[in-house]
$ cat data06.json   # JSON, C-alpha atoms
[["chain", "number", "residue", "atom", "x", "y", "z"],
["A", 1, "MET", "CA", 0.84, 7.88, 178.43],
["A", 2, "SER", "CA", -0.06, 6.65, 181.88],
["A", 3, "VAL", "CA", 1.71, 8.15, 184.87],
["A", 4, "ASP", "CA", 3.13, 4.73, 185.83],
["A", 5, "ILE", "CA", 4.81, 4.13, 182.46],
["A", 6, "GLU", "CA", 6.11, 7.69, 182.34],
["A", 7, "ALA", "CA", 7.52, 7.37, 185.86],
["A", 8, "LYS", "CA", 9.12, 4.02, 184.95],
["A", 9, "GLU", "CA", 10.80, 5.49, 181.87],
["A", 10, "ARG", "CA", 11.95, 8.51, 183.86],
["A", 11, "ARG", "CA", 13.29, 6.23, 186.62],
["A", 12, "LEU", "CA", 15.51, 4.30, 184.19],
["A", 13, "VAL", "CA", 17.14, 7.46, 182.86],
["A", 14, "HIS", "CA", 17.49, 8.94, 186.32],
["A", 15, "ARG", "CA", 18.81, 5.76, 187.92],
["A", 16, "LEU", "CA", 21.43, 5.34, 185.22],
["A", 17, "LEU", "CA", 22.49, 8.98, 185.58],
["A", 18, "ILE", "CA", 22.89, 8.51, 189.35],
["A", 19, "HIS", "CA", 24.89, 5.32, 188.78],
["A", 20, "TRP", "CA", 27.15, 7.11, 186.28],
["A", 21, "ARG", "CA", 27.76, 9.91, 188.78],
["A", 22, "GLU", "CA", 28.79, 7.35, 191.38],
["A", 23, "LEU", "CA", 31.35, 5.94, 188.93],
["A", 24, "ALA", "CA", 32.82, 9.34, 188.10],
["A", 25, "PRO", "CA", 35.84, 10.52, 190.10],
["A", 26, "GLU", "CA", 35.80, 14.17, 191.20],
["A", 27, "ASP", "CA", 35.66, 16.42, 188.09],
["A", 28, "GLU", "CA", 36.51, 13.52, 185.78],
["A", 29, "LEU", "CA", 34.57, 11.26, 183.46],
["A", 30, "PRO", "CA", 34.33, 7.60, 184.48],
["A", 31, "PRO", "CA", 36.41, 5.05, 182.53],
["A", 32, "ARG", "CA", 34.76, 2.41, 180.33],
["A", 33, "ALA", "CA", 36.00, -0.36, 182.63],
["A", 34, "CYS", "CA", 33.75, 0.99, 185.39],
["A", 35, "VAL", "CA", 30.64, 0.01, 183.43],
["A", 36, "LYS", "CA", 29.77, -3.39, 184.87],
["A", 37, "PRO", "CA", 26.57, -5.17, 183.87],
["A", 38, "ASP", "CA", 26.13, -6.81, 187.29],
["A", 39, "GLU", "CA", 26.25, -3.39, 188.98],
["A", 40, "ILE", "CA", 23.86, -1.85, 186.48],
["A", 41, "GLY", "CA", 21.49, -4.74, 187.14],
["A", 42, "ASP", "CA", 17.99, -4.66, 185.67],
["A", 43, "MET", "CA", 18.79, -1.53, 183.63],
["A", 44, "TRP", "CA", 21.39, -3.37, 181.55],
["A", 45, "ARG", "CA", 18.81, -4.79, 179.12],
["A", 46, "TYR", "CA", 17.86, -1.23, 178.09],
["A", 47, "CYS", "CA", 21.49, -0.07, 177.88],
["A", 48, "PHE", "CA", 23.96, 0.18, 175.05],
["A", 49, "THR", "CA", 27.61, 1.16, 175.03],
["A", 50, "LEU", "CA", 29.68, 2.72, 172.29],
["A", 51, "ASP", "CA", 33.39, 2.65, 171.65],
["A", 52, "ILE", "CA", 34.37, 6.03, 170.25],
["A", 53, "GLY", "CA", 37.30, 5.50, 167.95],
["A", 54, "ALA", "CA", 39.32, 7.87, 165.81],
["A", 55, "VAL", "CA", 37.40, 6.81, 162.71],
["A", 56, "ALA", "CA", 33.92, 5.77, 163.78],
["A", 57, "ALA", "CA", 31.81, 4.96, 166.82],
["A", 58, "VAL", "CA", 30.87, 1.30, 167.20],
["A", 59, "PHE", "CA", 28.29, -0.45, 169.36],
["A", 60, "ALA", "CA", 30.21, -2.37, 172.05],
["A", 61, "HIS", "CA", 27.04, -3.66, 173.70],
["A", 62, "VAL", "CA", 23.36, -3.57, 172.80],
["A", 63, "GLY", "CA", 20.89, -4.57, 175.50],
["A", 64, "GLU", "CA", 18.55, -7.49, 175.01],
["A", 65, "ALA", "CA", 15.43, -5.30, 174.96],
["A", 66, "HIS", "CA", 16.85, -3.47, 171.94],
["A", 67, "VAL", "CA", 17.92, -6.72, 170.28],
["A", 68, "ALA", "CA", 14.40, -8.08, 170.76],
["A", 69, "HIS", "CA", 12.91, -4.86, 169.39],
["A", 70, "LEU", "CA", 15.18, -4.74, 166.34],
["A", 71, "GLY", "CA", 15.20, -8.46, 165.68],
["A", 72, "PHE", "CA", 18.99, -8.44, 165.33],
["A", 73, "ASP", "CA", 22.06, -7.44, 167.31],
["A", 74, "LEU", "CA", 24.01, -4.31, 166.43],
["A", 75, "THR", "CA", 26.97, -5.18, 168.69],
["A", 76, "GLY", "CA", 30.20, -4.60, 166.78],
["A", 77, "LYS", "CA", 28.41, -2.54, 164.13],
["A", 78, "PRO", "CA", 29.03, 1.17, 163.49],
["A", 79, "ILE", "CA", 26.43, 3.53, 164.88],
["A", 80, "ALA", "CA", 25.34, 4.35, 161.33],
["A", 81, "ALA", "CA", 23.66, 0.93, 161.40],
["A", 82, "ALA", "CA", 21.11, 2.35, 163.84],
["A", 83, "GLN", "CA", 18.77, 3.91, 161.34],
["A", 84, "LYS", "CA", 17.32, 7.37, 161.80],
["A", 85, "GLY", "CA", 13.83, 7.26, 163.17],
["A", 86, "THR", "CA", 14.34, 4.01, 165.09],
["A", 87, "LEU", "CA", 14.58, 4.03, 168.88],
["A", 88, "LEU", "CA", 18.37, 3.64, 168.89],
["A", 89, "GLY", "CA", 18.68, 6.13, 166.05],
["A", 90, "CYS", "CA", 16.69, 8.69, 168.06],
["A", 91, "ALA", "CA", 18.67, 7.90, 171.22],
["A", 92, "LEU", "CA", 21.89, 8.73, 169.36],
["A", 93, "ASP", "CA", 20.59, 12.02, 167.94],
["A", 94, "ARG", "CA", 22.42, 14.08, 170.56],
["A", 95, "LEU", "CA", 25.71, 12.12, 170.42],
["A", 96, "ASP", "CA", 27.64, 14.96, 168.78],
["A", 97, "ASP", "CA", 26.37, 17.31, 171.47],
["A", 98, "VAL", "CA", 27.54, 14.93, 174.24],
["A", 99, "LEU", "CA", 30.98, 14.61, 172.64],
["A", 100, "LEU", "CA", 31.25, 18.37, 172.26],
["A", 101, "ARG", "CA", 29.90, 19.41, 175.66],
["A", 102, "ARG", "CA", 31.19, 16.38, 177.61],
["A", 103, "ILE", "CA", 28.08, 16.20, 179.76],
["A", 104, "PRO", "CA", 25.12, 13.82, 180.14],
["A", 105, "ILE", "CA", 22.19, 14.62, 177.88],
["A", 106, "THR", "CA", 18.74, 13.11, 178.21],
["A", 107, "ARG", "CA", 16.08, 13.13, 175.57],
["A", 108, "GLN", "CA", 12.41, 12.34, 175.22],
["A", 109, "GLY", "CA", 10.31, 12.21, 172.11],
["A", 110, "THR", "CA", 8.54, 9.82, 169.81],
["A", 111, "PHE", "CA", 9.70, 7.42, 167.16],
["A", 112, "SER", "CA", 7.64, 5.49, 164.64],
["A", 113, "ALA", "CA", 6.81, 1.86, 165.39],
["A", 114, "ASP", "CA", 6.68, -0.72, 162.56],
["A", 115, "ASP", "CA", 3.00, 0.11, 162.02],
["A", 116, "GLY", "CA", 3.82, 3.82, 161.82],
["A", 117, "ALA", "CA", 2.29, 4.65, 165.20],
["A", 118, "PRO", "CA", 4.22, 7.20, 167.27],
["A", 119, "VAL", "CA", 5.83, 5.65, 170.36],
["A", 120, "PRO", "CA", 7.02, 7.89, 173.21],
["A", 121, "TYR", "CA", 10.52, 7.15, 174.48],
["A", 122, "ARG", "CA", 13.16, 8.43, 176.86],
["A", 123, "SER", "CA", 16.92, 8.11, 176.48],
["A", 124, "ILE", "CA", 20.20, 9.21, 177.98],
["A", 125, "LEU", "CA", 23.80, 9.42, 176.77],
["A", 126, "LEU", "CA", 26.63, 9.45, 179.32],
["A", 127, "PRO", "CA", 30.27, 10.14, 178.35],
["A", 128, "LEU", "CA", 33.08, 7.78, 179.39],
["A", 129, "ALA", "CA", 36.83, 8.40, 179.28],
["A", 130, "ASP", "CA", 39.57, 5.97, 180.22],
["A", 131, "ASP", "CA", 41.91, 8.84, 181.08],
["A", 132, "GLY", "CA", 39.14, 10.80, 182.77],
["A", 133, "SER", "CA", 39.18, 13.47, 180.09],
["A", 134, "ASP", "CA", 39.18, 12.36, 176.43],
["A", 135, "ILE", "CA", 35.88, 10.67, 175.65],
["A", 136, "ASN", "CA", 36.35, 7.21, 174.20],
["A", 137, "GLY", "CA", 33.09, 5.61, 175.17],
["A", 138, "ILE", "CA", 29.41, 6.24, 175.76],
["A", 139, "LEU", "CA", 27.02, 4.54, 178.13],
["A", 140, "GLY", "CA", 23.47, 4.98, 176.88],
["A", 141, "ALA", "CA", 19.99, 3.74, 177.61],
["A", 142, "ALA", "CA", 16.61, 4.08, 175.96],
["A", 143, "ASN", "CA", 13.22, 2.66, 176.72],
["A", 144, "CYS", "CA", 9.66, 3.03, 175.55],
["A", 145, "ARG", "CA", 6.23, 1.52, 176.05],
["A", 146, "LEU", "CA", 6.52, -1.32, 173.54],
["A", 147, "PRO", "CA", 6.05, -4.84, 175.03],
["A", 148, "GLU", "CA", 9.72, -5.85, 174.69],
["A", 149, "PHE", "CA", 10.67, -2.94, 176.94],
["A", 150, "MET", "CA", 8.12, -3.71, 179.68],
["B", 1, "MET", "CA", 6.19, 27.63, 165.13],
["B", 2, "ALA", "CA", 6.90, 25.72, 168.31],
["B", 3, "ASN", "CA", 9.27, 26.72, 171.09],
["B", 4, "LEU", "CA", 12.19, 24.43, 171.89],
["B", 5, "ILE", "CA", 12.68, 24.00, 175.63],
["B", 6, "VAL", "CA", 15.65, 22.40, 177.37],
["B", 7, "TYR", "CA", 16.58, 22.29, 181.03],
["B", 8, "GLU", "CA", 20.15, 22.60, 182.22],
["B", 9, "ILE", "CA", 21.56, 21.87, 185.65],
["B", 10, "HIS", "CA", 24.32, 24.27, 186.63],
["B", 11, "THR", "CA", 26.63, 23.60, 189.57],
["B", 12, "CYS", "CA", 29.01, 25.90, 191.38],
["B", 13, "THR", "CA", 32.15, 24.64, 193.09],
["B", 14, "ALA", "CA", 34.74, 27.00, 194.59],
["B", 15, "GLY", "CA", 33.09, 29.95, 192.85],
["B", 16, "ALA", "CA", 33.19, 28.39, 189.38],
["B", 17, "TRP", "CA", 29.94, 27.60, 187.60],
["B", 18, "LYS", "CA", 29.65, 24.82, 185.04],
["B", 19, "ILE", "CA", 26.89, 23.17, 183.04],
["B", 20, "ASP", "CA", 26.48, 19.73, 184.55],
["B", 21, "SER", "CA", 23.80, 18.08, 182.43],
["B", 22, "VAL", "CA", 21.02, 18.73, 179.94],
["B", 23, "PHE", "CA", 17.42, 17.45, 180.01],
["B", 24, "ASP", "CA", 14.32, 17.96, 177.97],
["B", 25, "ASP", "CA", 12.11, 16.71, 180.79],
["B", 26, "ARG", "CA", 11.34, 19.43, 183.34],
["B", 27, "GLU", "CA", 10.37, 17.05, 186.12],
["B", 28, "LEU", "CA", 13.49, 14.93, 185.66],
["B", 29, "ALA", "CA", 15.68, 18.02, 185.70],
["B", 30, "LEU", "CA", 14.05, 19.20, 188.92],
["B", 31, "GLN", "CA", 14.34, 15.79, 190.56],
["B", 32, "GLU", "CA", 18.04, 15.58, 189.71],
["B", 33, "ALA", "CA", 18.74, 19.17, 190.76],
["B", 34, "GLU", "CA", 17.08, 18.51, 194.12],
["B", 35, "ARG", "CA", 19.02, 15.27, 194.56],
["B", 36, "MET", "CA", 22.31, 16.98, 193.72],
["B", 37, "ALA", "CA", 21.57, 19.79, 196.16],
["B", 38, "ARG", "CA", 20.99, 17.23, 198.92],
["B", 39, "THR", "CA", 24.47, 15.74, 198.40],
["B", 40, "GLN", "CA", 26.02, 19.02, 199.67],
["B", 41, "ARG", "CA", 28.84, 18.40, 197.17],
["B", 42, "TYR", "CA", 28.30, 21.74, 195.43],
["B", 43, "SER", "CA", 28.15, 25.19, 196.95],
["B", 44, "GLU", "CA", 25.22, 26.01, 194.66],
["B", 45, "VAL", "CA", 22.95, 24.11, 192.29],
["B", 46, "ARG", "CA", 20.38, 25.56, 189.95],
["B", 47, "ALA", "CA", 18.13, 24.32, 187.17],
["B", 48, "VAL", "CA", 17.59, 26.64, 184.26],
["B", 49, "GLU", "CA", 14.86, 26.53, 181.64],
["B", 50, "GLU", "CA", 16.02, 27.67, 178.23],
["B", 51, "THR", "CA", 13.36, 28.45, 175.64],
["B", 52, "PHE", "CA", 14.25, 29.02, 172.03],
["B", 53, "ASP", "CA", 11.54, 30.76, 170.04],
["B", 54, "GLU", "CA", 11.89, 29.54, 166.47],
["B", 55, "GLU", "CA", 9.80, 32.39, 165.15],
["B", 56, "THR", "CA", 11.82, 35.21, 166.69],
["B", 57, "GLN", "CA", 15.09, 33.20, 166.88],
["B", 58, "ARG", "CA", 15.46, 34.39, 170.46],
["B", 59, "ASN", "CA", 16.49, 32.57, 173.64],
["B", 60, "ALA", "CA", 14.82, 33.14, 176.98],
["B", 61, "THR", "CA", 16.31, 31.80, 180.18],
["B", 62, "ARG", "CA", 14.81, 31.51, 183.63],
["B", 63, "THR", "CA", 15.83, 29.71, 186.79],
["B", 64, "ILE", "CA", 13.30, 27.10, 187.93],
["B", 65, "PHE", "CA", 15.24, 25.74, 190.90],
["B", 66, "ARG", "CA", 18.01, 27.01, 193.11],
["B", 67, "ALA", "CA", 19.74, 25.76, 196.21],
["B", 68, "SER", "CA", 22.92, 26.51, 198.08],
["B", 69, "LYS", "CA", 24.63, 25.18, 201.15],
["B", 70, "GLU", "CA", 23.45, 28.27, 203.01],
["B", 71, "GLU", "CA", 19.90, 28.47, 201.69],
["B", 72, "PRO", "CA", 17.26, 25.77, 201.41],
["B", 73, "ALA", "CA", 16.29, 24.40, 198.01],
["B", 74, "THR", "CA", 13.57, 26.31, 196.20],
["B", 75, "ARG", "CA", 11.49, 25.28, 193.25],
["B", 76, "VAL", "CA", 10.48, 28.37, 191.34],
["B", 77, "ASP", "CA", 7.40, 26.85, 189.85],
["B", 78, "ARG", "CA", 4.66, 28.31, 187.73],
["B", 79, "SER", "CA", 2.22, 28.71, 190.60],
["B", 80, "GLU", "CA", 4.77, 30.84, 192.43],
["B", 81, "GLU", "CA", 5.22, 32.98, 189.36],
["B", 82, "ALA", "CA", 1.48, 33.29, 189.02],
["B", 83, "LEU", "CA", 1.28, 34.33, 192.67],
["B", 84, "ALA", "CA", 3.99, 36.93, 192.07],
["B", 85, "GLY", "CA", 1.96, 38.25, 189.16],
["B", 86, "LEU", "CA", -1.12, 38.34, 191.36],
["B", 87, "ARG", "CA", 0.75, 40.26, 194.08],
["B", 88, "LYS", "CA", 1.85, 42.77, 191.49],
["B", 89, "ALA", "CA", -1.69, 43.14, 190.23],
["B", 90, "ARG", "CA", -2.99, 43.68, 193.77],
["B", 91, "ARG", "CA", -0.43, 46.37, 194.60],
["B", 92, "PRO", "CA", -2.42, 49.34, 196.11],
["B", 93, "LYS", "CA", -2.99, 52.11, 193.65],
["B", 94, "ALA", "CA", -2.22, 55.77, 194.37],
["B", 95, "PRO", "CA", -5.34, 57.71, 195.43],
["B", 96, "PRO", "CA", -7.06, 59.35, 192.47],
["B", 97, "LYS", "CA", -6.16, 62.98, 191.92],
["B", 98, "LYS", "CA", -8.87, 65.63, 192.28],
["B", 99, "SER", "CA", -10.14, 67.31, 189.18],
["B", 100, "VAL", "CA", -8.86, 70.83, 188.30],
["B", 101, "SER", "CA", -12.18, 72.50, 189.24],
["B", 102, "GLY", "CA", -12.20, 70.62, 192.58],
["B", 103, "GLN", "CA", -8.67, 71.85, 193.31],
["B", 104, "ILE", "CA", -9.68, 75.49, 192.52],
["B", 105, "ILE", "CA", -12.73, 75.33, 194.80],
["B", 106, "SER", "CA", -10.81, 73.80, 197.72],
["B", 107, "LYS", "CA", -7.96, 76.35, 197.38],
["B", 108, "THR", "CA", -10.47, 79.23, 197.19],
["B", 109, "LEU", "CA", -12.18, 78.02, 200.36],
["B", 110, "VAL", "CA", -8.83, 77.79, 202.19],
["B", 111, "PHE", "CA", -7.96, 81.34, 200.99],
["B", 112, "ALA", "CA", -11.35, 82.68, 202.12],
["B", 113, "PHE", "CA", -10.93, 81.03, 205.53],
["B", 114, "ILE", "CA", -7.47, 82.61, 205.98],
["B", 115, "VAL", "CA", -8.78, 86.10, 204.98],
["B", 116, "ALA", "CA", -11.76, 85.75, 207.32],
["B", 117, "ALA", "CA", -9.50, 84.61, 210.15],
["B", 118, "GLY", "CA", -7.16, 87.58, 209.52],
["B", 119, "LEU", "CA", -10.04, 90.08, 209.49],
["B", 120, "GLY", "CA", -11.38, 88.52, 212.67],
["B", 121, "MET", "CA", -7.99, 88.92, 214.36],
["B", 122, "ILE", "CA", -7.82, 92.62, 213.28],
["B", 123, "TYR", "CA", -11.33, 93.22, 214.65],
["B", 124, "ILE", "CA", -10.44, 91.57, 218.00],
["B", 125, "VAL", "CA", -7.18, 93.58, 218.32],
["B", 126, "ASN", "CA", -8.99, 96.86, 217.46],
["B", 127, "SER", "CA", -11.74, 96.20, 219.99],
["B", 128, "LEU", "CA", -9.16, 95.51, 222.75],
["B", 129, "PHE", "CA", -7.17, 98.77, 222.28]]

$ encode --input "data06.json" --output "structure tokens"
Amino acid sequence: MSVDIEAKERRLVHRLLIHWRELAPEDELPPRACVKPDEIGDMWRYCFTLDIGAVAAVFAHVGEAHVAHLGFDLTGKPIAAAQKGTLLGCALDRLDDVLLRRIPITRQGTFSADDGAPVPYRSILLPLADDGSDINGILGAANCRLPEFM
Amino acid sequence: MANLIVYEIHTCTAGAWKIDSVFDDRELALQEAERMARTQRYSEVRAVEETFDEETQRNATRTIFRASKEEPATRVDRSEEALAGLRKARRPKAPPKKSVSGQIISKTLVFAFIVAAGLGMIYIVNSLF
């Protein structure tokens, strides 16, 4: 992977982490209402949000880069609809860990493209809580070197 | 089998340490640790590399960055570790010990010199009185 692409992927994850920290009150998790697309700006197309309910987690937003990559929109669908091995599936691999540890977790790795070729990616999961404590949402982002993410 | 490596940022506020975030990208972890240290929001910030050896099922932990309000930020990178290893290797060795026969000869010579000096003193004293 070229240094430029790697730096770009790293920048997205890092920029979103910094933005999340700015939203978070002292020693609390930021509420879901703080996540505003216009403030997230150019990162929003790589982002996704989850509503964490008592029964299942559901996609509340799926960025347009992911919709273009998948060919369909997972908004409103349970996270199980993001199949293992896909970019979103890989990005959600550490969800249980985030819910348990209540901290941001970033990930890098490879997933298989439609032609089976390994595609490097980077992702981040950031916990949200309307009461500052009990996680009821996730702000996430993932990008890779496929054309729809450039 | 491969080693699993993750990087954790730990922060300390009012004497209490907590795990702030987890990365699997060393450079990203270092960049964020440095940025957090610059905010002066925490009394201490450190980045820790955790390696899990799948073969031995053992964890190894080492600090790769540390900063505090009192001390400047420090990346503990591999080159520094290599330099530390080099310094250790270059530590001056103790002078080699003499062989047993060498020690016997040198002690015999010292003894002979003392006896000769004593006899010389007796001769001088006798010749004076």

$ residues_around --input "data06.json" --residues "B:Val48" --least-positions-apart "4" --cutoff "12 Å" --atoms "all atoms listed in the file" --output "ChimeraX atom specification"
/B:5-11,19-26,29-30,33,60-66,75-77

$ interface_residues --input "data06.json" --of "chain A" --to "chain B" --cutoff "12 Å" --atoms "all atoms listed in the file" --output "PDB file with C-alpha atoms, in the frame of the given file"
ATOM      1  CA  GLU A   6       6.110   7.690 182.340  1.00  0.00           C
ATOM      2  CA  ALA A   7       7.520   7.370 185.860  1.00  0.00           C
ATOM      3  CA  LYS A   8       9.120   4.020 184.950  1.00  0.00           C
ATOM      4  CA  GLU A   9      10.800   5.490 181.870  1.00  0.00           C
ATOM      5  CA  ARG A  10      11.950   8.510 183.860  1.00  0.00           C
ATOM      6  CA  ARG A  11      13.290   6.230 186.620  1.00  0.00           C
ATOM      7  CA  LEU A  12      15.510   4.300 184.190  1.00  0.00           C
ATOM      8  CA  VAL A  13      17.140   7.460 182.860  1.00  0.00           C
ATOM      9  CA  HIS A  14      17.490   8.940 186.320  1.00  0.00           C
ATOM     10  CA  ARG A  15      18.810   5.760 187.920  1.00  0.00           C
ATOM     11  CA  LEU A  16      21.430   5.340 185.220  1.00  0.00           C
ATOM     12  CA  LEU A  17      22.490   8.980 185.580  1.00  0.00           C
ATOM     13  CA  ILE A  18      22.890   8.510 189.350  1.00  0.00           C
ATOM     14  CA  ARG A  21      27.760   9.910 188.780  1.00  0.00           C
ATOM     15  CA  GLU A  22      28.790   7.350 191.380  1.00  0.00           C
ATOM     16  CA  GLU A  26      35.800  14.170 191.200  1.00  0.00           C
ATOM     17  CA  ASP A  27      35.660  16.420 188.090  1.00  0.00           C
ATOM     18  CA  GLU A  28      36.510  13.520 185.780  1.00  0.00           C
ATOM     19  CA  LEU A  29      34.570  11.260 183.460  1.00  0.00           C
ATOM     20  CA  ARG A  94      22.420  14.080 170.560  1.00  0.00           C
ATOM     21  CA  ASP A  97      26.370  17.310 171.470  1.00  0.00           C
ATOM     22  CA  VAL A  98      27.540  14.930 174.240  1.00  0.00           C
ATOM     23  CA  ARG A 101      29.900  19.410 175.660  1.00  0.00           C
ATOM     24  CA  ARG A 102      31.190  16.380 177.610  1.00  0.00           C
ATOM     25  CA  ILE A 103      28.080  16.200 179.760  1.00  0.00           C
ATOM     26  CA  PRO A 104      25.120  13.820 180.140  1.00  0.00           C
ATOM     27  CA  ILE A 105      22.190  14.620 177.880  1.00  0.00           C
ATOM     28  CA  THR A 106      18.740  13.110 178.210  1.00  0.00           C
ATOM     29  CA  ARG A 107      16.080  13.130 175.570  1.00  0.00           C
ATOM     30  CA  GLN A 108      12.410  12.340 175.220  1.00  0.00           C
ATOM     31  CA  GLY A 109      10.310  12.210 172.110  1.00  0.00           C
ATOM     32  CA  TYR A 121      10.520   7.150 174.480  1.00  0.00           C
ATOM     33  CA  ARG A 122      13.160   8.430 176.860  1.00  0.00           C
ATOM     34  CA  SER A 123      16.920   8.110 176.480  1.00  0.00           C
ATOM     35  CA  ILE A 124      20.200   9.210 177.980  1.00  0.00           C
ATOM     36  CA  LEU A 125      23.800   9.420 176.770  1.00  0.00           C
ATOM     37  CA  LEU A 126      26.630   9.450 179.320  1.00  0.00           C
ATOM     38  CA  PRO A 127      30.270  10.140 178.350  1.00  0.00           C
TER      39      PRO A 127
END

$ atom_distance --input "data06.json" --atom1 "atom CA of B:Glu34" --atom2 "atom CA of B:Ser68"
10.7 Å

$ residues_around --input "data06.json" --residues "stretch 40-52 of chain A" --least-positions-apart "3" --cutoff "8 Å" --atoms "only C-alpha atoms" --output "JSON, numbers by chain"
{"A": [12, 16, 19, 35, 36, 37, 56, 57, 58, 59, 60, 61, 62, 63, 64, 65, 66, 135, 136, 137, 138, 139, 140, 141, 142, 143, 149]}

$ write_last_selection --input "data06.json" --atoms "C-alpha atoms" --output "short mmCIF file (atom, residue, chain, number, x, y, z; two decimals), in the coordinates of the input"
data_model
loop_
_atom_site.label_atom_id
_atom_site.label_comp_id
_atom_site.auth_asym_id
_atom_site.auth_seq_id
_atom_site.Cartn_x
_atom_site.Cartn_y
_atom_site.Cartn_z
CA LEU A 12 15.51 4.30 184.19
CA LEU A 16 21.43 5.34 185.22
CA HIS A 19 24.89 5.32 188.78
CA VAL A 35 30.64 0.01 183.43
CA LYS A 36 29.77 -3.39 184.87
CA PRO A 37 26.57 -5.17 183.87
CA ALA A 56 33.92 5.77 163.78
CA ALA A 57 31.81 4.96 166.82
CA VAL A 58 30.87 1.30 167.20
CA PHE A 59 28.29 -0.45 169.36
CA ALA A 60 30.21 -2.37 172.05
CA HIS A 61 27.04 -3.66 173.70
CA VAL A 62 23.36 -3.57 172.80
CA GLY A 63 20.89 -4.57 175.50
CA GLU A 64 18.55 -7.49 175.01
CA ALA A 65 15.43 -5.30 174.96
CA HIS A 66 16.85 -3.47 171.94
CA ILE A 135 35.88 10.67 175.65
CA ASN A 136 36.35 7.21 174.20
CA GLY A 137 33.09 5.61 175.17
CA ILE A 138 29.41 6.24 175.76
CA LEU A 139 27.02 4.54 178.13
CA GLY A 140 23.47 4.98 176.88
CA ALA A 141 19.99 3.74 177.61
CA ALA A 142 16.61 4.08 175.96
CA ASN A 143 13.22 2.66 176.72
CA PHE A 149 10.67 -2.94 176.94
#

$ residues_around --input "data06.json" --residues "A:Leu87" --least-positions-apart "3" --cutoff "7 Å" --atoms "all atoms listed in the file" --output "VMD selection string"
chain A and resid 90 to 91 111

$ atom_distance --input "data06.json" --atom1 "atom CA of B:Thr39" --atom2 "atom CA of B:Glu71"
13.9 Å

$ atom_distance --input "data06.json" --atom1 "atom CA of A:Gly53" --atom2 "atom CA of A:Pro78"
10.3 Å
